[in-house]
Amino acid sequence: MAYVAVKGGERAIDNAHAWLAEERRGDPALPDLTLPQIREQLGRAVDRAMAEGSLYDPDLGALAVKQAQGDLIEAAFLLRAYRTTLPRFAHSRPIDTAAMQVERRISAVFKDLPGGQILGPTYDYTHRLLDFALAAGDLVPHAPKAHAPQEPMPRVPDILRAEGMMEADAPDDAEPGDLTREPLTFPADRDVRLQALARGDEGFLLGLGYSTQRGYGGSHPFAGEIRMGEAAVEIVPPELGFAIDIGDVVVTECQMVNQFKGSKTVPPQFTRGYGLVFGFSERKAMAMALVDRAMRAEELGEDVTAPAQNVEFVLYHSDNIEATGFVEHLKLPHYVDFQSELQNLRRLRAEVERAAEAEQSPSPVAAEGRGEGAAPPTPHEGAVP
Amino acid sequence: MIGYNFAYLDEQTKRMIRRALLKAVAIPGHQVPFGSREMPLPYGWGTGGIQVTASVLGQQDVLKVIDQGADDTTNAVSIRRFFARTAGVRTTTHTADATVIQTRHRIPETKLRDDQIIVYQVPQPEPLFRLEPSRVETRRMHGLADYGLMHVKLYEDIARYGQISISYDYPVMVNGRYLMSPSPIPSFDNPKMDRMPALQLFGAGREKRIYAIPPWTEVRSLDFEDHPFRPINAPHACGLCGATDAYLDEVVTDDRGGRLFVCSDTDHCAERRAAGHVGAEGMKEAAE
Amino acid sequence: MSTLNPAAGSAGLSPGFADPVAQAQACFRAVLDAMARPGRVHTITGVAPPAPLDAATAAVLLTLVDHETPLWLDAALRETAPWLAFHCGAPVVTDPRAAAFAAARGLPDLDRFDAGTHEMPETAATIVVQVQALGVGPRFRLSGPGLREPAGFAVTGLPADFSARWAANHRLFPCGIDLILCAGDRLAALPRSVTIEEDG
């Protein structure tokens, strides 16, 4: 009998997990993927899992990617669920991206600038032709080495600000909010918005950022600067009272430069959209900067009309761990509610049929009864006892 | 479980949730925002309920977990296992033996007692969200107890269908002050919430809200004087135990329109059958 | 400051919970039940705090307070600040309006504390009031959520005009202060939702 089919949930789950493990391993005749292989050779996947998982640890990132069979949202989810249980030992000081060990640094707004343009390891100018030599196997490519840049690399907004062309940073020494400890509340300040975006889904932000370029909340962006490299993380242990370096993180930073027509109190100047992401995640950093700027519409006195400008809409829907959970929960059983809907629909249809029958054989009682919503008596019993 | 605290959550997180729970109890029906954590189960699958249960549960507790009224649905199994593994608590399928009951979409048929706690998994705590998607706006409405929007919706239902068309997640007023989502339980279960002796706790993980109904608190399903609230159920008796006062699932038995109606509450049904009650299907089987 | 280790350097300070996980859970369940059923008295065991903290007062604070919850102490309990700071890690504040929790011997003025806003009534303070005795003394009549029918509640150590003061707090609903009353190893709670009248 069909009813028995839902029994045996325990065994079904065990079997499903065993099957999954077998499928994850794939053909056992092939060597098992090692974590260093994933970390070294699928670095962009590890970076994305770390960024959206909000946890910087390339080895754990590699494990998550392996365990999730390359499903990056699943991998980010694994990292999130792990990080949430970790105790907090300290808060780091803000990282200084101006002082980072730069591997890539480009500006679209100046032909050349102090520190120069450094392309770095980018796909930008590759031809997207499948490389069958890569399929054939073990190439060990060698890139020519330049000496590490000695010149300081000021950030482009700082260069513009020196001329008074760029808005000043709002001086804010307040403790930044933390979405991992406190629920989102509105109005959400920029610190919290940026945190949500940095953890947000790359695809969602890409689409939103793109929409701002197509007229939905256009803010005329220029890629002021994109830089990627290693930045030092420092903490100030209370017993020491001075900062110590606890390690480096690879981050990608994007500073979008946007037009601003000025207001009564502020002369026309450039404004900024900001993106900062763990790892080498340029697409995400750029999209983040576009969406950050779009969400500043209200602050800058612009009309709020487009989805990307709607802070509540963006922040409530950018987290892919929340989104994937809730979308996918639709596959859980809902038969209790569905049953209720089914009975309800039957009842409504019975009402409609009764009304139609009453119309076909009009009687004084039925004619009076209509319009009040009160069903006239009919020989057909409704679905409800 | 090695490497994790009792009931998975760290003590600091439990304290935060416990504080939210106490405020929720003090303000019946009000949604208290809380710093919901990522859980090892996905959002939408009970993370709110799990966090509430984890913060409440102790070694003496006996836990029951149901989904769709049943103890053996896969998600109920998964959550029960999670707590058996992380907290080592005893689990049961018998409603009467449980001290804490975590549920998705149902309230057990067996009357709950004042020494029990029921924890509801809530996908969408905001009862007004289909009418006003902005939580900034709905928060304002709750602050002012301005529920005109919902009354208009119900009135429009009546004008259009001759009745209120909501069959589950049917909105309720708690203690005469807060409009509240009862979670997606069928409206059949709504009357059980009213003046329930057990403490009712609600957790919405993804939406990061906790709310509560203290024991014996008035919970009224919204209606109009001339259109009183009518819970919905199939007009049948359970095929297995013959119950006529329990919520029924509809099981499709063949492709020729065959249907079997059975209790959604599997524990209730099993207990009735153990006590000798037999439904039409049981009689058929006995005859064979 | 979340990394205080109770095992390290506790020179001169008596211990908190011996089994923090289980005792905090047991105490929380008592407080939860007390808040859900106003006036019902629970007993807490297993803490021996320094005077003048009663066992129940200390247990409640150990259970609910930490570095995320500013704590206000009245003059009578201020000397226990080092013990509470060590075991709970709570920042002790002097401005009652900034406090999420407060502990006092006897009832402080409720209107000095944050009662929340209509949109966010949950931000209101919780005050742990140490009284002389629960279950004996002047009787009050409680009604409201959590109570099947109006119930009697006796407490020694609240001011004579308590029911009037409470009425002013209750009128703020959904805003308002919530009280946890502690005496020795016993506790009871009065959430803002409860109506209190003098009984007889």
# chains A, B, ... in the order shown; residues from 1 in each chain; ligands from 1
call {"tool": "residues_around", "arguments": {"residues": "region 190-202 of chain B", "least_positions_apart": "2", "cutoff": "8 Å", "atoms": "only C-alpha atoms", "output": "PyMOL selection string"}}
result
(chain B and resi 21+48-49+52+107+112-122+170+182+185-188+204+210-221+231) or (chain C and resi 36+148)
call {"tool": "closest_atom_pairs", "arguments": {"of": "chain C", "to": "chain B", "cutoff": "8 Å", "atoms": "only C-alpha atoms", "output": "Markdown table"}}
result
| residue | atom | partner | partner_atom | distance |
| --- | --- | --- | --- | --- |
| C:Val21 | CA | B:Glu11 | CA | 7.1 |
| C:Ala22 | CA | B:Gly58 | CA | 6.9 |
| C:Gln25 | CA | B:Gly58 | CA | 6.2 |
| C:Ala26 | CA | B:Gly58 | CA | 7.1 |
| C:Phe28 | CA | B:Arg18 | CA | 7.3 |
| C:Arg29 | CA | B:Val56 | CA | 6.8 |
| C:Leu32 | CA | B:Leu22 | CA | 6.2 |
| C:Met35 | CA | B:Val25 | CA | 6.7 |
| C:Ala36 | CA | B:Pro214 | CA | 5.1 |
| C:Arg37 | CA | B:Pro215 | CA | 7.2 |
| C:Thr63 | CA | B:Arg15 | CA | 6.9 |
| C:Leu64 | CA | B:Arg15 | CA | 5.6 |
| C:Val65 | CA | B:Arg15 | CA | 7.5 |
| C:Asp66 | CA | B:Gln12 | CA | 7.7 |
| C:His118 | CA | B:Gly143 | CA | 4.6 |
| C:Glu119 | CA | B:Gly143 | CA | 4.4 |
| C:Met120 | CA | B:Gly143 | CA | 7.8 |
| C:Pro121 | CA | B:Ile27 | CA | 7.9 |
| C:Glu122 | CA | B:Lys23 | CA | 5.6 |
| C:Gly144 | CA | B:Thr217 | CA | 7.7 |
| C:Pro145 | CA | B:Thr217 | CA | 4.9 |
| C:Gly146 | CA | B:Pro215 | CA | 4.5 |
| C:Leu147 | CA | B:Trp216 | CA | 5.9 |
| C:Arg148 | CA | B:Trp216 | CA | 5.2 |
| C:Pro174 | CA | B:Ile27 | CA | 6.3 |
| C:Asp178 | CA | B:Ala26 | CA | 7.3 |
| C:Pro191 | CA | B:Ala26 | CA | 5.0 |
| C:Arg192 | CA | B:Ala26 | CA | 6.2 |
| C:Ser193 | CA | B:Ala26 | CA | 6.1 |
call {"tool": "interface_residues", "arguments": {"of": "chain B", "to": "chain A", "cutoff": "6 Å", "atoms": "only C-alpha atoms", "output": "ChimeraX atom specification"}}
result
/B:34-35,38-40,42-45,68,72-74,162,167-168,186,206,235
call {"tool": "write_last_selection", "arguments": {"atoms": "N, CA and C atoms", "output": "mmCIF file, in the first residue's frame"}}
result
data_model
loop_
_atom_site.group_PDB
_atom_site.id
_atom_site.type_symbol
_atom_site.label_atom_id
_atom_site.label_comp_id
_atom_site.auth_asym_id
_atom_site.auth_seq_id
_atom_site.Cartn_x
_atom_site.Cartn_y
_atom_site.Cartn_z
ATOM 1 N N PHE B 34 16.643 37.783 16.216
ATOM 2 C CA PHE B 34 17.769 37.177 16.931
ATOM 3 C C PHE B 34 18.883 36.851 15.945
ATOM 4 N N GLY B 35 20.091 36.710 16.479
ATOM 5 C CA GLY B 35 21.268 36.476 15.638
ATOM 6 C C GLY B 35 21.336 35.022 15.215
ATOM 7 N N GLU B 38 24.208 30.006 11.185
ATOM 8 C CA GLU B 38 24.160 28.933 10.208
ATOM 9 C C GLU B 38 24.159 27.612 10.963
ATOM 10 N N MET B 39 23.338 26.716 10.515
ATOM 11 C CA MET B 39 23.287 25.403 11.122
ATOM 12 C C MET B 39 23.775 24.407 10.075
ATOM 13 N N PRO B 40 24.108 23.199 10.511
ATOM 14 C CA PRO B 40 24.550 22.243 9.488
ATOM 15 C C PRO B 40 23.394 21.707 8.645
ATOM 16 N N PRO B 42 20.058 22.953 6.078
ATOM 17 C CA PRO B 42 19.786 24.154 5.284
ATOM 18 C C PRO B 42 18.662 25.019 5.853
ATOM 19 N N TYR B 43 18.736 26.304 5.533
ATOM 20 C CA TYR B 43 17.647 27.223 5.843
ATOM 21 C C TYR B 43 16.375 26.736 5.167
ATOM 22 N N GLY B 44 15.270 26.847 5.861
ATOM 23 C CA GLY B 44 14.002 26.398 5.281
ATOM 24 C C GLY B 44 13.704 24.962 5.661
ATOM 25 N N TRP B 45 14.665 24.320 6.323
ATOM 26 C CA TRP B 45 14.478 22.911 6.690
ATOM 27 C C TRP B 45 14.352 22.764 8.201
ATOM 28 N N GLN B 68 4.885 17.088 9.003
ATOM 29 C CA GLN B 68 3.598 16.685 8.428
ATOM 30 C C GLN B 68 2.832 15.779 9.386
ATOM 31 N N ASP B 72 8.208 9.705 11.051
ATOM 32 C CA ASP B 72 9.123 8.954 10.180
ATOM 33 C C ASP B 72 9.339 9.625 8.829
ATOM 34 N N THR B 73 8.890 10.859 8.654
ATOM 35 C CA THR B 73 9.244 11.563 7.419
ATOM 36 C C THR B 73 10.736 11.889 7.481
ATOM 37 N N THR B 74 11.374 11.938 6.336
ATOM 38 C CA THR B 74 12.840 11.994 6.310
ATOM 39 C C THR B 74 13.394 13.204 7.061
ATOM 40 N N GLY B 162 -17.056 34.201 -1.249
ATOM 41 C CA GLY B 162 -18.103 33.910 -0.280
ATOM 42 C C GLY B 162 -17.546 33.355 1.019
ATOM 43 N N SER B 167 -6.256 28.319 3.782
ATOM 44 C CA SER B 167 -6.478 26.974 4.317
ATOM 45 C C SER B 167 -5.373 26.548 5.282
ATOM 46 N N TYR B 168 -4.208 27.185 5.183
ATOM 47 C CA TYR B 168 -3.144 26.887 6.147
ATOM 48 C C TYR B 168 -2.386 28.179 6.405
ATOM 49 N N PRO B 186 -2.156 23.379 9.062
ATOM 50 C CA PRO B 186 -3.481 23.529 8.471
ATOM 51 C C PRO B 186 -4.373 24.294 9.446
ATOM 52 N N ARG B 206 16.039 31.436 8.928
ATOM 53 C CA ARG B 206 16.452 32.270 7.800
ATOM 54 C C ARG B 206 15.987 33.701 7.980
ATOM 55 N N PRO B 235 -13.844 15.385 4.597
ATOM 56 C CA PRO B 235 -15.051 14.844 5.236
ATOM 57 C C PRO B 235 -15.053 13.316 5.224
#
call {"tool": "closest_atom_pairs", "arguments": {"of": "chain A", "to": "chain C", "cutoff": "9 Å", "atoms": "only C-alpha atoms", "output": "Markdown table"}}
result
| residue | atom | partner | partner_atom | distance |
| --- | --- | --- | --- | --- |
| A:Pro87 | CA | C:Thr3 | CA | 8.2 |
| A:Arg88 | CA | C:Ser2 | CA | 7.0 |
| A:Phe89 | CA | C:Thr3 | CA | 6.3 |
| A:Ala90 | CA | C:Met1 | CA | 8.0 |
call {"tool": "select_by_dssp", "arguments": {"residues": "region 206-240 of chain B", "states": "strand (DSSP E)", "output": "number ranges by chain"}}
result
B: 209-213, 219-221
call {"tool": "residues_around", "arguments": {"residues": "Leu110 (chain C)", "least_positions_apart": "4", "cutoff": "9 Å", "atoms": "only C-alpha atoms", "output": "mmCIF file with all heavy atoms, in the first residue's frame"}}
result
data_model
loop_
_atom_site.group_PDB
_atom_site.id
_atom_site.type_symbol
_atom_site.label_atom_id
_atom_site.label_comp_id
_atom_site.auth_asym_id
_atom_site.auth_seq_id
_atom_site.Cartn_x
_atom_site.Cartn_y
_atom_site.Cartn_z
ATOM 1 N N ASP C 114 15.430 51.216 30.143
ATOM 2 C CA ASP C 114 14.911 51.186 28.778
ATOM 3 C C ASP C 114 13.707 50.250 28.727
ATOM 4 O O ASP C 114 13.821 49.067 29.060
ATOM 5 C CB ASP C 114 16.025 50.695 27.837
ATOM 6 C CG ASP C 114 15.571 50.594 26.387
ATOM 7 O OD1 ASP C 114 14.474 51.107 26.066
ATOM 8 O OD2 ASP C 114 16.319 50.018 25.583
ATOM 9 N N ALA C 115 12.565 50.770 28.299
ATOM 10 C CA ALA C 115 11.355 49.944 28.220
ATOM 11 C C ALA C 115 11.076 49.498 26.791
ATOM 12 O O ALA C 115 10.033 48.930 26.511
ATOM 13 C CB ALA C 115 10.157 50.727 28.773
ATOM 14 N N ILE C 127 15.128 43.056 34.726
ATOM 15 C CA ILE C 127 15.709 43.370 36.036
ATOM 16 C C ILE C 127 15.575 42.162 36.964
ATOM 17 O O ILE C 127 14.486 41.606 37.123
ATOM 18 C CB ILE C 127 15.037 44.598 36.684
ATOM 19 C CG1 ILE C 127 15.067 45.785 35.708
ATOM 20 C CG2 ILE C 127 15.742 44.962 37.991
ATOM 21 C CD1 ILE C 127 14.508 47.069 36.277
ATOM 22 N N ARG C 165 3.099 50.874 41.016
ATOM 23 C CA ARG C 165 4.281 51.020 40.165
ATOM 24 C C ARG C 165 4.208 50.045 38.995
ATOM 25 O O ARG C 165 4.602 50.368 37.877
ATOM 26 C CB ARG C 165 5.549 50.726 40.971
ATOM 27 C CG ARG C 165 5.875 51.798 41.974
ATOM 28 C CD ARG C 165 7.379 51.863 42.119
ATOM 29 N NE ARG C 165 7.791 52.031 43.485
ATOM 30 C CZ ARG C 165 9.072 51.950 43.869
ATOM 31 N NH1 ARG C 165 10.005 51.648 42.993
ATOM 32 N NH2 ARG C 165 9.393 52.134 45.116
ATOM 33 N N TRP C 166 3.747 48.840 39.310
ATOM 34 C CA TRP C 166 3.651 47.841 38.247
ATOM 35 C C TRP C 166 2.615 48.265 37.197
ATOM 36 O O TRP C 166 2.823 48.090 36.002
ATOM 37 C CB TRP C 166 3.304 46.460 38.804
ATOM 38 C CG TRP C 166 3.282 45.463 37.689
ATOM 39 C CD1 TRP C 166 2.189 45.007 37.015
ATOM 40 C CD2 TRP C 166 4.412 44.877 37.049
ATOM 41 N NE1 TRP C 166 2.569 44.155 36.002
ATOM 42 C CE2 TRP C 166 3.935 44.061 36.008
ATOM 43 C CE3 TRP C 166 5.797 44.963 37.267
ATOM 44 C CZ2 TRP C 166 4.782 43.320 35.167
ATOM 45 C CZ3 TRP C 166 6.641 44.221 36.432
ATOM 46 C CH2 TRP C 166 6.130 43.420 35.407
ATOM 47 N N ASN C 169 4.042 50.342 34.650
ATOM 48 C CA ASN C 169 4.889 49.565 33.730
ATOM 49 C C ASN C 169 4.026 48.754 32.752
ATOM 50 O O ASN C 169 4.268 48.746 31.546
ATOM 51 C CB ASN C 169 5.791 48.629 34.543
ATOM 52 C CG ASN C 169 6.742 47.830 33.676
ATOM 53 O OD1 ASN C 169 7.513 48.406 32.904
ATOM 54 N ND2 ASN C 169 6.677 46.508 33.781
ATOM 55 N N GLY C 176 7.877 47.821 28.155
ATOM 56 C CA GLY C 176 7.845 47.574 29.595
ATOM 57 C C GLY C 176 8.979 46.684 30.054
ATOM 58 O O GLY C 176 9.595 45.972 29.272
ATOM 59 N N ILE C 177 9.226 46.760 31.356
ATOM 60 C CA ILE C 177 10.307 46.013 31.989
ATOM 61 C C ILE C 177 9.798 44.639 32.427
ATOM 62 O O ILE C 177 8.645 44.497 32.822
ATOM 63 C CB ILE C 177 10.789 46.768 33.256
ATOM 64 C CG1 ILE C 177 11.132 48.227 32.929
ATOM 65 C CG2 ILE C 177 11.942 46.054 33.933
ATOM 66 C CD1 ILE C 177 12.281 48.409 31.994
#
call {"tool": "residues_around", "arguments": {"residues": "region 291-293 of chain A", "least_positions_apart": "3", "cutoff": "9 Å", "atoms": "only C-alpha atoms", "output": "number ranges by chain"}}
result
A: 190, 193-194, 197, 205-206, 208-209, 212, 219, 221, 256, 258, 271-275, 286-288, 296-297, 308-309, 314
call {"tool": "residues_around", "arguments": {"residues": "Asp245 (chain A)", "least_positions_apart": "3", "cutoff": "8 Å", "atoms": "only C-alpha atoms", "output": "ChimeraX atom specification"}}
result
/A:232-235
call {"tool": "residues_around", "arguments": {"residues": "Arg97 (chain C)", "least_positions_apart": "5", "cutoff": "12 Å", "atoms": "only C-alpha atoms", "output": "list in words"}}
result
Pro70, Leu71, Trp72, Ala102, Asp109, Leu110, Asp111, Arg112, Phe113, Asp114, Ala115, Gly116, Thr123, Ala124, Ala125, Thr126, Ile127 and Ile177 of chain C
call {"tool": "write_last_selection", "arguments": {"atoms": "N, CA, C and O atoms", "output": "JSON list (two decimals), in the first residue's frame"}}
result
[["chain", "number", "residue", "atom", "x", "y", "z"],
["C", 70, "PRO", "N", 25.08, 44.72, 28.49],
["C", 70, "PRO", "CA", 25.48, 45.66, 29.54],
["C", 70, "PRO", "C", 24.65, 45.40, 30.80],
["C", 70, "PRO", "O", 23.43, 45.22, 30.72],
["C", 71, "LEU", "N", 25.33, 45.38, 31.94],
["C", 71, "LEU", "CA", 24.69, 45.03, 33.22],
["C", 71, "LEU", "C", 24.77, 46.22, 34.17],
["C", 71, "LEU", "O", 25.84, 46.81, 34.35],
["C", 72, "TRP", "N", 23.64, 46.56, 34.79],
["C", 72, "TRP", "CA", 23.62, 47.63, 35.79],
["C", 72, "TRP", "C", 23.40, 46.99, 37.16],
["C", 72, "TRP", "O", 22.60, 46.07, 37.29],
["C", 102, "ALA", "N", 19.71, 44.23, 34.68],
["C", 102, "ALA", "CA", 20.05, 44.94, 35.90],
["C", 102, "ALA", "C", 19.84, 43.96, 37.05],
["C", 102, "ALA", "O", 19.01, 43.05, 36.96],
["C", 109, "ASP", "N", 13.71, 52.09, 40.60],
["C", 109, "ASP", "CA", 12.70, 52.81, 39.81],
["C", 109, "ASP", "C", 12.66, 52.25, 38.41],
["C", 109, "ASP", "O", 13.65, 52.32, 37.67],
["C", 110, "LEU", "N", 11.51, 51.71, 38.01],
["C", 110, "LEU", "CA", 11.46, 51.04, 36.71],
["C", 110, "LEU", "C", 11.63, 52.03, 35.56],
["C", 110, "LEU", "O", 12.15, 51.69, 34.51],
["C", 111, "ASP", "N", 11.19, 53.28, 35.78],
["C", 111, "ASP", "CA", 11.23, 54.21, 34.64],
["C", 111, "ASP", "C", 12.62, 54.76, 34.36],
["C", 111, "ASP", "O", 12.81, 55.56, 33.46],
["C", 112, "ARG", "N", 13.60, 54.31, 35.14],
["C", 112, "ARG", "CA", 14.99, 54.69, 34.81],
["C", 112, "ARG", "C", 15.57, 53.76, 33.76],
["C", 112, "ARG", "O", 16.67, 53.98, 33.27],
["C", 113, "PHE", "N", 14.86, 52.69, 33.41],
["C", 113, "PHE", "CA", 15.42, 51.69, 32.49],
["C", 113, "PHE", "C", 14.74, 51.78, 31.12],
["C", 113, "PHE", "O", 13.64, 52.32, 30.98],
["C", 114, "ASP", "N", 15.43, 51.22, 30.14],
["C", 114, "ASP", "CA", 14.91, 51.19, 28.78],
["C", 114, "ASP", "C", 13.71, 50.25, 28.73],
["C", 114, "ASP", "O", 13.82, 49.07, 29.06],
["C", 115, "ALA", "N", 12.56, 50.77, 28.30],
["C", 115, "ALA", "CA", 11.35, 49.94, 28.22],
["C", 115, "ALA", "C", 11.08, 49.50, 26.79],
["C", 115, "ALA", "O", 10.03, 48.93, 26.51],
["C", 116, "GLY", "N", 12.02, 49.75, 25.87],
["C", 116, "GLY", "CA", 11.81, 49.36, 24.48],
["C", 116, "GLY", "C", 10.95, 50.37, 23.73],
["C", 116, "GLY", "O", 10.51, 51.38, 24.30],
["C", 123, "THR", "N", 13.80, 45.19, 23.18],
["C", 123, "THR", "CA", 15.05, 45.76, 23.68],
["C", 123, "THR", "C", 14.92, 46.20, 25.14],
["C", 123, "THR", "O", 15.90, 46.64, 25.74],
["C", 124, "ALA", "N", 13.74, 46.08, 25.71],
["C", 124, "ALA", "CA", 13.52, 46.51, 27.10],
["C", 124, "ALA", "C", 14.41, 45.71, 28.06],
["C", 124, "ALA", "O", 14.75, 44.56, 27.81],
["C", 125, "ALA", "N", 14.73, 46.35, 29.17],
["C", 125, "ALA", "CA", 15.63, 45.72, 30.15],
["C", 125, "ALA", "C", 14.92, 44.62, 30.93],
["C", 125, "ALA", "O", 13.70, 44.64, 31.10],
["C", 126, "THR", "N", 15.72, 43.66, 31.40],
["C", 126, "THR", "CA", 15.25, 42.64, 32.34],
["C", 126, "THR", "C", 15.92, 42.96, 33.67],
["C", 126, "THR", "O", 17.14, 43.12, 33.72],
["C", 127, "ILE", "N", 15.13, 43.06, 34.73],
["C", 127, "ILE", "CA", 15.71, 43.37, 36.04],
["C", 127, "ILE", "C", 15.58, 42.16, 36.96],
["C", 127, "ILE", "O", 14.49, 41.61, 37.12],
["C", 177, "ILE", "N", 9.23, 46.76, 31.36],
["C", 177, "ILE", "CA", 10.31, 46.01, 31.99],
["C", 177, "ILE", "C", 9.80, 44.64, 32.43],
["C", 177, "ILE", "O", 8.64, 44.50, 32.82]]
call {"tool": "residues_around", "arguments": {"residues": "Gly184 (chain C)", "least_positions_apart": "3", "cutoff": "10 Å", "atoms": "only C-alpha atoms", "output": "ChimeraX atom specification"}}
result
/C:43-45,53-58,130-134,187
call {"tool": "write_last_selection", "arguments": {"atoms": "all heavy atoms", "output": "compact mmCIF listing (two decimals), in the first residue's frame"}}
result
# COMPACT_ATOMS: atom_id res chain seq x y z
N THR C 43 13.10 26.42 42.12
CA THR C 43 14.28 26.36 42.98
C THR C 43 15.51 26.05 42.14
O THR C 43 15.47 25.20 41.25
CB THR C 43 14.10 25.26 44.06
OG1 THR C 43 12.92 25.59 44.80
CG2 THR C 43 15.29 25.22 44.99
N ILE C 44 16.60 26.77 42.42
CA ILE C 44 17.86 26.60 41.69
C ILE C 44 18.90 26.06 42.67
O ILE C 44 18.99 26.54 43.79
CB ILE C 44 18.37 27.98 41.19
CG1 ILE C 44 17.33 28.65 40.32
CG2 ILE C 44 19.70 27.85 40.48
CD1 ILE C 44 17.09 27.98 39.02
N THR C 45 19.68 25.09 42.24
CA THR C 45 20.70 24.56 43.15
C THR C 45 22.09 24.63 42.50
O THR C 45 22.20 24.77 41.29
CB THR C 45 20.41 23.08 43.49
OG1 THR C 45 20.26 22.36 42.27
CG2 THR C 45 19.17 22.95 44.33
N LEU C 53 25.10 38.41 47.01
CA LEU C 53 24.33 37.77 45.94
C LEU C 53 23.67 36.51 46.47
O LEU C 53 24.34 35.68 47.09
CB LEU C 53 25.26 37.38 44.79
CG LEU C 53 25.65 38.43 43.76
CD1 LEU C 53 26.61 37.78 42.74
CD2 LEU C 53 24.44 39.00 43.03
N ASP C 54 22.38 36.35 46.23
CA ASP C 54 21.72 35.09 46.53
C ASP C 54 22.03 34.09 45.42
O ASP C 54 22.36 34.47 44.29
CB ASP C 54 20.21 35.29 46.63
CG ASP C 54 19.79 35.86 47.99
OD1 ASP C 54 20.68 35.99 48.86
OD2 ASP C 54 18.61 36.17 48.16
N ALA C 55 21.86 32.80 45.76
CA ALA C 55 22.18 31.75 44.79
C ALA C 55 21.35 31.92 43.51
O ALA C 55 21.87 31.79 42.40
CB ALA C 55 21.92 30.38 45.41
N ALA C 56 20.07 32.19 43.67
CA ALA C 56 19.21 32.29 42.49
C ALA C 56 19.60 33.50 41.63
O ALA C 56 19.66 33.42 40.40
CB ALA C 56 17.75 32.39 42.91
N THR C 57 19.88 34.63 42.29
CA THR C 57 20.30 35.83 41.56
C THR C 57 21.54 35.52 40.72
O THR C 57 21.61 35.84 39.53
CB THR C 57 20.63 36.98 42.55
OG1 THR C 57 19.61 37.05 43.53
CG2 THR C 57 20.76 38.30 41.83
N ALA C 58 22.51 34.90 41.39
CA ALA C 58 23.77 34.60 40.70
C ALA C 58 23.53 33.64 39.54
O ALA C 58 24.06 33.83 38.44
CB ALA C 58 24.77 33.99 41.68
N GLN C 130 16.43 41.05 43.81
CA GLN C 130 16.62 40.15 44.95
C GLN C 130 15.70 40.62 46.08
O GLN C 130 15.79 41.77 46.50
CB GLN C 130 18.09 40.19 45.37
CG GLN C 130 18.50 39.03 46.24
CD GLN C 130 20.02 38.91 46.29
OE1 GLN C 130 20.66 38.54 45.32
NE2 GLN C 130 20.59 39.24 47.42
N VAL C 131 14.80 39.75 46.49
CA VAL C 131 13.84 40.10 47.55
C VAL C 131 14.09 39.20 48.77
O VAL C 131 14.92 38.28 48.70
CB VAL C 131 12.38 39.96 47.06
CG1 VAL C 131 12.08 40.97 45.97
CG2 VAL C 131 12.11 38.54 46.56
N GLN C 132 13.34 39.44 49.86
CA GLN C 132 13.59 38.63 51.06
C GLN C 132 13.01 37.23 50.96
O GLN C 132 13.64 36.28 51.36
CB GLN C 132 13.03 39.33 52.32
CG GLN C 132 13.95 40.37 52.91
CD GLN C 132 13.45 41.78 52.65
OE1 GLN C 132 12.37 41.95 52.10
NE2 GLN C 132 14.21 42.78 53.01
N ALA C 133 11.80 37.14 50.42
CA ALA C 133 11.19 35.81 50.37
C ALA C 133 10.12 35.73 49.29
O ALA C 133 9.45 36.73 48.99
CB ALA C 133 10.57 35.47 51.72
N LEU C 134 10.00 34.57 48.72
CA LEU C 134 8.93 34.30 47.75
C LEU C 134 8.00 33.28 48.37
O LEU C 134 8.45 32.33 49.03
CB LEU C 134 9.51 33.73 46.45
CG LEU C 134 10.34 34.71 45.62
CD1 LEU C 134 11.07 33.96 44.50
CD2 LEU C 134 9.46 35.79 45.02
N LEU C 187 13.21 31.40 42.67
CA LEU C 187 12.95 32.50 41.74
C LEU C 187 11.54 32.40 41.17
O LEU C 187 10.93 31.33 41.12
CB LEU C 187 13.97 32.52 40.60
CG LEU C 187 14.01 31.40 39.58
CD1 LEU C 187 13.01 31.62 38.47
CD2 LEU C 187 15.40 31.28 38.98
call {"tool": "select_by_dssp", "arguments": {"residues": "region 223-275 of chain B", "states": "helix (DSSP H, G or I)", "output": "list in words"}}
result
Thr266, Asp267, His268, Cys269, Ala270, Glu271, Arg272, Arg273 and Ala274 of chain B
call {"tool": "atom_distance", "arguments": {"atom1": "CA of Cys269 (chain B)", "atom2": "CA of Cys238 (chain B)"}}
result
8.4 Å
call {"tool": "closest_residue", "arguments": {"among": "A:Val192, A:Leu129, A:Leu134, A:Leu113", "to": "Pro154 (chain A)", "atoms": "only C-alpha atoms"}}
result
A:Leu113
call {"tool": "atom_distance", "arguments": {"atom1": "CA of Val152 (chain B)", "atom2": "CA of Pro123 (chain B)"}}
result
23.9 Å
call {"tool": "atom_distance", "arguments": {"atom1": "CA of Phe140 (chain C)", "atom2": "CA of Ala154 (chain C)"}}
result
6.1 Å
